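Chemist: This is the structure I have questions about; it appears just below.
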Amino acid sequence: MILRRSATRALAVLGATALVGLALTGCSVGGGGGSSSDGNSISLLAGGNDPLATKTAKDIAAAFMKKYPSIKVKVDTRPGGTDGDNLIKTRLSTKTMDDVFFYNSGSLLQALHPDQTLQPLGNEPWAASVSKDFKAAVSTSKGMYGAPFGSTFDGGVMYNKKVYAKLGLSVPDTWAEFISNSQKIKAAGIVPVVQSYGDTWTSQLFVLADFANVSAQDPNWAANYTANKAKYVNPPALAGFQDTEEVHKLGLLNKDFASLTNVNALKMLATGQAAQYPMITVVIGNVIQSNPDQVNDIGYFAMPTANGNSHATVWEANGAYIPLSTTGAKLASAKKLVAFLNSPEGCAVQNAAQLPAGPYATTACTVPSNAPALVADEQKYQDAGKTGLALEFISPIKGPNLEKILIQVGSGISTAAQGAALYDQDVKAQAQQLGLPGWN
Amino acid sequence: MATTNLAPTLPVGATSGGKGTGPRKKMKSFYPSWFFIPAVVMYVVFFAIPTFASFYFSLTRWSLFDSQFIGLGNFVQFFQDPQLWNGFIHTFEYGFATSAAKVVLGFALAVILTGPILARGYLRAIIFFPVLISTIGVGIMFKSLLDPFHGMVNAVLGFLHLPQPGWFTDPALALGTIAAVDIWKGVGIATLIFMAGIVAIPNEYFEAARMDGASSWAILRTITIPLSRPAMATVIILSLIGGLRSFDLIWATTGGGPGFTSDVIASVIYKQYQAGFYGLSTAGNVVLFVVVTAIMVPLSSFLNRKTVEL
């Protein structure tokens, strides 16, 4: 009797649980397509939540609504970095993504599985004016998924032109020249090479910005790397690790390298307290905010190499994407917004909101005459044909721990060879996660 | 003899351990059992289902968009991770160091704060205060206080012409500094538990001992310490569990850095999650769960048996 009663009870509890569970899931499914299905209001997810990304997205939305008064654009923001990556993956997989969103092109885009999550945009009218490199960075074998947003930019060394002029130095092409310049700068009481491991991502530039030089020496390196054949422990790719080690060993770094942040390192560079900073030029946007009078004191040169003939490593523009969950009238409106970005009006808004840090990836936009001085330095490498894409645009593999490994190398905790070996291990998980052939 | 007196201070888990109260008797409740449904639903939906789902997903390569069954591959890879052993060692160092320090310091403070001293209530509040602050807040606060170049602590040290170490940026110091901050934050709760334990010891023992001419040291050694054993068990268990799975403070201060020098298992797992290796990081969580259980279950039963034998 007691047994039977408790059994019925247990059943009742189970049944109720199942019912409530169903109700809960029902709710969340309903919540996904919550807003009205007409195309008159769409949402736009900014490329971050910093002031620059937020302002750019808001300016674009405002200019777009002025041109198309019948469509309302709501701007959302998101965190940057890896938290942002996870937010985007979660929203895409739960079909709750904004109708248009800004995100990286290249290997980070590939990790979103664009074939299953994004609307193909290859047949849009603006697609014809997009550069070949950018097309490759937003395409899979099945189609093209993104429109360029913002300019391309270069990685290499940002340097203070006034310090160079005062000490009578010339832009180095070989690593030996770079070191000898640095020694002279140090003798003059100025920090030769500034590093900012307080923002861990900034530790990677000696390696990442050296990649055009690797490609120049071995054009098949990226393909071999993707196929598990080329490794960082061997030259030419090892050079970036050795450079990271050497600047620390020779005492060329600022003494607070372990805690300094990117923004403060840029202030040191702009004011001439430091002379050289291995960086990506897109961060010039921060100098425009913090030291507007010194923006044009900062120049750019490509990462020097052992034998000279240095090449500039190019980062492709970010992309604007539309998720597969946006359909019907909303899709038409979202496509209008993406097309607007690649129109003269859209380019004008981009130029006004964030000065370009390099050439545009589409012929629809042109760099304005008030662009920072380092853009002209980047253009010299373009004109000479001495550029190459960063590894993340030609190989889907990027190990998650590179920045930490390079901090170890760059602060003397481990050697360049140890660091490179560790990184070769680190990329294995990423390659397997992507299901690449040759990695099992 | 002491067993009965100790009853009020037994740790939560031990109160229902007596022989007379079987689970069958407890079924007779004042309330109909459907009162439990909301709690059961919450438990199943937000705890039981995710837990069992995570056991499954730890056996897959999972991208959030799709998953592919790969058997024990994630566990193999997790144990091959060169950072993992580092993380394991740091976890144990951190867990045992913070736990031991909290027991010793917490007990010492509890003895002082239960004695007849000036401003006792005020001092008790001060000791307990850090417990009330959010861990992330504590981390950010100490990160700026201990900044090697702009921090207040090093400014004072520099004024006194003492060395100014890079508390969170020197690889040799980072983990120790975090452990020290953790102790500062957590010692209040240990003190509180010890105080409850000490206050519950009947005054007659102390009076009788004093009557017999026992010194303060002898009283401490033969009365206070043995009779606070249940409190000690609770403090050890709570602080060790907290130490072994600690993450938030480490993430807020160093993020496991510089390099990997303050990485613990939890931060290794979180970084794998950040990198998008959802299956791998789920496998890591299963490993962490097993490790913590394997340490805590025997330890807890050992400590609790001791209290009963007293």
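Following the order of the structure tokens, first chain is A, next is B, and so on, with residues numbered from 1 inside each chain and ligands from 1 in the order they appear.
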Report as a Markdown table the residues of chain A within 6 Å of chain B, each with its shortest atom pair and distance in Å (one decimal), using only C-alpha atoms, ordered by chain and increasing residue number.

Modeler:
```
| residue | atom | partner | partner_atom | distance |
| --- | --- | --- | --- | --- |
| A:Thr17 | CA | B:Val41 | CA | 5.3 |
| A:Thr82 | CA | B:Gln274 | CA | 5.8 |
| A:Ser93 | CA | B:Phe65 | CA | 5.7 |
| A:Ala258 | CA | B:Thr169 | CA | 5.8 |
| A:Pro400 | CA | B:Ala275 | CA | 5.6 |
| A:Lys404 | CA | B:Gly259 | CA | 4.4 |
| A:Ile405 | CA | B:Gly259 | CA | 5.9 |
| A:Ile407 | CA | B:Gly259 | CA | 5.4 |
| A:Gln408 | CA | B:Gly259 | CA | 4.8 |
```

Chemist: How close does each residue of segment 48-145 of chain B get to segment 214-224 of chain B, giving the shortest atom pair and distance in Å to one decimal for every residue with an atom at most 12 Å away, counting only C-alpha atoms, sorted by chain and residue number, as a Markdown table?

Modeler:
```
| residue | atom | partner | partner_atom | distance |
| --- | --- | --- | --- | --- |
| B:Phe107 | CA | B:Thr224 | CA | 10.1 |
| B:Ala108 | CA | B:Leu220 | CA | 10.5 |
| B:Ala110 | CA | B:Thr224 | CA | 10.7 |
| B:Val111 | CA | B:Thr224 | CA | 8.6 |
| B:Ile112 | CA | B:Leu220 | CA | 11.3 |
| B:Thr114 | CA | B:Thr224 | CA | 11.2 |
| B:Gly115 | CA | B:Ser216 | CA | 11.3 |
```

Chemist: Quick one: residues within 10 Å of segment 283-300 of chain A, only C-alpha atoms counted, chain neighbours fewer than 4 positions away excluded, as number ranges by chain?

Modeler: A: 52, 153-163, 171, 262-264, 266-267, 269-272, 275-279, 312, 354-357, 371-378

Chemist: When you look at Thr313 of chain A with a cut-off of 6 Å (counting only C-alpha atoms), what residues show up, excluding the ones that are within fewer than 6 positions of it in the same chain? I need them as a list in words.

Modeler: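 Surrounding residues, per the criterion: Asp154, Gly155, Ala209, Ala212, Thr387, Gly388, Leu389 and Ala390 of chain A.
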
Chemist: Considering only C-alpha atoms, can you say which of B:Ser246, B:Thr234, B:Ser281, B:Asn86 comes closest to Asn304 of chain B?

Modeler: B:Thr234

Chemist: Could you give me, as a list in words, the residues within 7 Å of Pro192 of chain A, counting only C-alpha atoms and dropping anything in the same chain fewer than 6 positions from it?

Modeler: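 Listed by chain and then number, they are Ser182, Ile185, Lys186, Leu252, Leu253, Ala274, Ala275 and Gln276 of chain A.
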